[in-house]
Amino acid sequence: MIEYLKGDLTELTPTTATVECHGVGYLANISLYTYTAIQNHSQVKLYIYEAIREDAHVLYGFAEKRERELFLLLISVSGIGGNTARTILSALTPSELCEVIGSGNDKLLKMVKGIGGKTAQRIIVELKDKIVSVGGDSMSSPTGNALFAEANNEVLESAVAALSMLGYTVTASQKVVKAILKEQPSVSVEVAIKEALRRL
């Protein structure tokens, strides 16, 4: 079992990070929260969850242990797989997710792609008591100085690429991201994707 990877960050997209450790590059699937946390670093430490399937070994990487704990709680819920859990952690920060589950706010959960009313309620019912051990106030949201502004076309391309990898169509993604850029010309990639996830 891999606990964490520590090494050079050789490639980074809003959905994946490649970490080179002693000459071997490991590709890890990441959330937007982790993307924001590591985007300006040349060396990183990612806590790992390894999903072993018959056809593949998939790595999920997290900048902080708490996010991995939330990921593990999410995939323990029936009907929630690794990619859905990552999508939830991309739409909501760990603190926001703890607050949403703790307060029983299924409306916000239903805004995430792949989460219907029954699934949102199941997440809240099964995790409401468990979420207390993870805690919801010790970590601030990765906004403000953690975000960076880029040219509109670069934001558009990166956001659409990330949304496509999360299962959304290119046409729908472009339409939503363009609308967001029109409203907020200096928006960052991370914020654009998060806002698009809420609207799609």
# chains A, B, ... in the order shown; residues from 1 in each chain; ligands from 1
$ select_by_dssp --residues "range 41-192 of chain A" --states "strand (DSSP E)" --output "list in words"
Gln43, Val44, Lys45, Leu46, Tyr47, Ile48, Tyr49, Glu50, Ala51, Ile52, His57, Val58, Leu59, Tyr60, Gly61 and Phe62 of chain A
$ residues_around --residues "range 43-47 of chain A" --least-positions-apart "4" --cutoff "10 Å" --atoms "only C-alpha atoms" --output "MDAnalysis selection string"
chainID A and resid 2:10 17 19:20 28 30 34 37:39 59:68
$ atom_distance --atom1 "CA of Ala51 in chain A" --atom2 "CA of Met165 in chain A"
18.1 Å
$ residues_around --residues "Ser90 in chain A" --least-positions-apart "2" --cutoff "7 Å" --atoms "only C-alpha atoms" --output "number ranges by chain"
A: 31-33, 86-88, 92-93, 194
$ write_last_selection --atoms "N, CA and C atoms" --output "CSV table (one decimal), in the first residue's frame"
chain,number,residue,atom,x,y,z
A,31,SER,N,-8.1,16.3,-7.1
A,31,SER,CA,-9.2,17.2,-7.1
A,31,SER,C,-8.8,18.6,-7.4
A,32,LEU,N,-9.7,19.5,-7.6
A,32,LEU,CA,-9.3,20.9,-7.8
A,32,LEU,C,-8.7,21.5,-6.5
A,33,TYR,N,-9.1,21.0,-5.4
A,33,TYR,CA,-8.6,21.5,-4.1
A,33,TYR,C,-7.1,21.2,-4.0
A,86,ARG,N,-14.1,12.3,-6.2
A,86,ARG,CA,-13.2,13.3,-6.6
A,86,ARG,C,-13.9,14.5,-7.2
A,87,THR,N,-15.0,14.3,-7.9
A,87,THR,CA,-15.8,15.4,-8.4
A,87,THR,C,-16.5,16.2,-7.3
A,88,ILE,N,-16.9,15.5,-6.2
A,88,ILE,CA,-17.5,16.1,-5.1
A,88,ILE,C,-16.4,17.0,-4.4
A,92,LEU,N,-16.6,21.0,-3.9
A,92,LEU,CA,-16.7,21.6,-2.5
A,92,LEU,C,-15.3,21.3,-1.8
A,93,THR,N,-14.8,22.3,-1.1
A,93,THR,CA,-13.6,22.2,-0.3
A,93,THR,C,-13.9,21.2,0.8
A,194,LYS,N,-14.9,25.3,-10.7
A,194,LYS,CA,-15.8,25.1,-9.6
A,194,LYS,C,-17.2,25.7,-9.9
$ select_by_dssp --residues "range 10-169 of chain A" --states "helix (DSSP H, G or I)" --output "PyMOL selection string"
chain A and resi 32-38+65-75+82-91+94-103+106-109+117-127+131-134+144-146+152-165
$ atom_distance --atom1 "CA of Lys182 in chain A" --atom2 "CA of Thr13 in chain A"
23.2 Å
$ atom_distance --atom1 "CA of Ile123 in chain A" --atom2 "CA of Met1 in chain A"
26.4 Å
$ closest_residue --among "A:Leu108, A:Leu74, A:Glu195, A:Leu200" --to "Glu183 in chain A" --atoms "only C-alpha atoms"
A:Glu195
$ residues_around --residues "Leu70 in chain A" --least-positions-apart "5" --cutoff "8 Å" --atoms "only C-alpha atoms" --output "NGL selection string"
:A and (94 or 131 or 134)
$ closest_residue --among "A:Leu72, A:Leu97, A:Val187, A:Leu166" --to "Asn29 in chain A" --atoms "only C-alpha atoms"
A:Leu166
$ decode --residues "range 40-188 of chain A" --atoms "C-alpha atoms" --output "short mmCIF file (atom, residue, chain, number, x, y, z; two decimals), in the first residue's frame"
data_model
loop_
_atom_site.label_atom_id
_atom_site.label_comp_id
_atom_site.auth_asym_id
_atom_site.auth_seq_id
_atom_site.Cartn_x
_atom_site.Cartn_y
_atom_site.Cartn_z
CA ASN A 40 3.00 26.67 -7.57
CA HIS A 41 5.28 23.97 -6.19
CA SER A 42 8.11 22.12 -7.94
CA GLN A 43 8.30 19.45 -5.24
CA VAL A 44 5.22 17.94 -3.64
CA LYS A 45 4.02 15.33 -1.19
CA LEU A 46 0.76 13.65 -2.09
CA TYR A 47 -1.08 11.28 0.20
CA ILE A 48 -2.25 8.34 -1.89
CA TYR A 49 -5.23 6.08 -2.18
CA GLU A 50 -4.68 3.16 -4.56
CA ALA A 51 -7.74 1.71 -6.24
CA ILE A 52 -6.89 -1.79 -7.46
CA ARG A 53 -9.15 -3.12 -10.18
CA GLU A 54 -8.89 -6.08 -12.52
CA ASP A 55 -8.01 -3.85 -15.45
CA ALA A 56 -5.97 -1.11 -13.75
CA HIS A 57 -4.30 0.28 -10.64
CA VAL A 58 -5.50 3.86 -10.21
CA LEU A 59 -3.84 6.33 -7.86
CA TYR A 60 -5.69 9.22 -6.23
CA GLY A 61 -3.50 11.93 -4.71
CA PHE A 62 -4.32 14.43 -1.97
CA ALA A 63 -2.33 17.42 -0.72
CA GLU A 64 -3.58 16.85 2.82
CA LYS A 65 -4.57 13.83 4.89
CA ARG A 66 -7.96 15.31 5.72
CA GLU A 67 -9.00 15.38 2.10
CA ARG A 68 -8.00 11.73 1.74
CA GLU A 69 -10.03 10.86 4.84
CA LEU A 70 -13.07 12.54 3.31
CA PHE A 71 -12.45 10.70 0.03
CA LEU A 72 -12.36 7.36 1.88
CA LEU A 73 -15.58 8.22 3.69
CA LEU A 74 -17.27 9.14 0.42
CA ILE A 75 -16.32 5.94 -1.40
CA SER A 76 -17.59 3.92 1.57
CA VAL A 77 -21.10 5.08 0.61
CA SER A 78 -22.93 2.74 -1.75
CA GLY A 79 -22.98 4.13 -5.28
CA ILE A 80 -20.02 6.50 -4.81
CA GLY A 81 -16.89 5.56 -6.75
CA GLY A 82 -13.49 7.20 -6.89
CA ASN A 83 -14.27 9.58 -9.75
CA THR A 84 -17.56 10.69 -8.19
CA ALA A 85 -15.82 11.29 -4.87
CA ARG A 86 -13.16 13.34 -6.64
CA THR A 87 -15.85 15.37 -8.41
CA ILE A 88 -17.49 16.12 -5.06
CA LEU A 89 -14.13 17.22 -3.62
CA SER A 90 -13.61 19.42 -6.68
CA ALA A 91 -16.97 21.14 -6.27
CA LEU A 92 -16.68 21.55 -2.49
CA THR A 93 -13.60 22.17 -0.34
CA PRO A 94 -13.07 19.79 2.61
CA SER A 95 -14.40 22.44 4.99
CA GLU A 96 -17.45 23.07 2.81
CA LEU A 97 -18.13 19.34 2.46
CA CYS A 98 -17.93 18.82 6.22
CA GLU A 99 -20.34 21.70 6.72
CA VAL A 100 -22.74 20.45 4.02
CA ILE A 101 -22.87 16.93 5.45
CA GLY A 102 -22.93 18.09 9.06
CA SER A 103 -25.84 20.45 8.42
CA GLY A 104 -27.71 17.97 6.20
CA ASN A 105 -27.68 20.32 3.20
CA ASP A 106 -28.53 17.87 0.42
CA LYS A 107 -29.34 20.70 -2.02
CA LEU A 108 -25.65 21.56 -2.46
CA LEU A 109 -24.69 17.91 -2.88
CA LYS A 110 -27.33 17.47 -5.58
CA MET A 111 -25.61 20.21 -7.61
CA VAL A 112 -22.62 17.91 -8.15
CA LYS A 113 -22.70 15.83 -11.34
CA GLY A 114 -23.77 12.25 -10.68
CA ILE A 115 -25.36 13.00 -7.31
CA GLY A 116 -29.12 12.65 -7.26
CA GLY A 117 -31.48 13.29 -4.39
CA LYS A 118 -31.35 9.76 -2.97
CA THR A 119 -27.56 9.59 -3.20
CA ALA A 120 -27.16 12.99 -1.54
CA GLN A 121 -29.41 11.90 1.33
CA ARG A 122 -27.53 8.59 1.63
CA ILE A 123 -24.21 10.46 1.91
CA ILE A 124 -25.60 12.68 4.66
CA VAL A 125 -27.25 9.84 6.61
CA GLU A 126 -24.21 7.53 6.44
CA LEU A 127 -21.51 10.15 7.03
CA LYS A 128 -23.09 12.73 9.33
CA ASP A 129 -21.75 11.10 12.50
CA LYS A 130 -18.44 10.02 10.94
CA ILE A 131 -17.69 13.49 9.56
CA VAL A 132 -17.25 14.86 13.08
CA SER A 133 -13.95 12.99 13.45
CA VAL A 134 -12.60 14.68 10.32
CA GLY A 135 -13.64 18.18 11.41
CA GLY A 136 -14.88 21.11 9.39
CA ASP A 137 -13.26 24.25 10.70
CA SER A 138 -9.51 23.70 10.80
CA MET A 139 -8.92 24.27 7.11
CA SER A 140 -9.73 27.40 5.15
CA SER A 141 -11.01 27.46 1.63
CA PRO A 142 -8.29 27.66 -1.05
CA THR A 143 -9.32 31.03 -2.42
CA GLY A 144 -7.82 34.50 -2.47
CA ASN A 145 -4.02 34.42 -2.72
CA ALA A 146 -4.01 30.70 -3.52
CA LEU A 147 -5.67 31.37 -6.86
CA PHE A 148 -3.99 32.81 -9.90
CA ALA A 149 -5.29 34.82 -12.83
CA GLU A 150 -4.56 33.77 -16.42
CA ALA A 151 -5.52 34.95 -19.87
CA ASN A 152 -9.11 34.12 -20.81
CA ASN A 153 -8.23 31.69 -23.55
CA GLU A 154 -5.89 29.72 -21.30
CA VAL A 155 -8.52 29.60 -18.55
CA LEU A 156 -11.11 28.47 -21.10
CA GLU A 157 -8.90 25.69 -22.51
CA SER A 158 -7.79 24.39 -19.10
CA ALA A 159 -11.29 24.51 -17.62
CA VAL A 160 -12.92 22.80 -20.58
CA ALA A 161 -10.21 20.11 -20.61
CA ALA A 162 -10.75 19.42 -16.91
CA LEU A 163 -14.54 19.32 -17.26
CA SER A 164 -14.24 16.95 -20.23
CA MET A 165 -12.10 14.60 -18.14
CA LEU A 166 -14.78 14.72 -15.46
CA GLY A 167 -17.36 13.54 -17.99
CA TYR A 168 -18.96 16.72 -19.32
CA THR A 169 -19.29 17.39 -23.06
CA VAL A 170 -16.96 19.91 -24.64
CA THR A 171 -19.85 21.92 -26.10
CA ALA A 172 -21.67 22.29 -22.79
CA SER A 173 -18.42 23.01 -20.93
CA GLN A 174 -17.36 25.74 -23.38
CA LYS A 175 -20.76 27.41 -23.18
CA VAL A 176 -20.74 27.54 -19.38
CA VAL A 177 -17.09 28.58 -19.02
CA LYS A 178 -17.47 31.34 -21.61
CA ALA A 179 -20.47 32.67 -19.71
CA ILE A 180 -18.43 32.66 -16.49
CA LEU A 181 -15.51 34.46 -18.19
CA LYS A 182 -17.91 37.08 -19.52
CA GLU A 183 -19.16 37.73 -15.98
CA GLN A 184 -15.71 37.48 -14.33
CA PRO A 185 -12.95 38.31 -16.86
CA SER A 186 -10.12 37.78 -14.36
CA VAL A 187 -11.42 34.51 -12.93
CA SER A 188 -8.88 31.74 -12.25
#
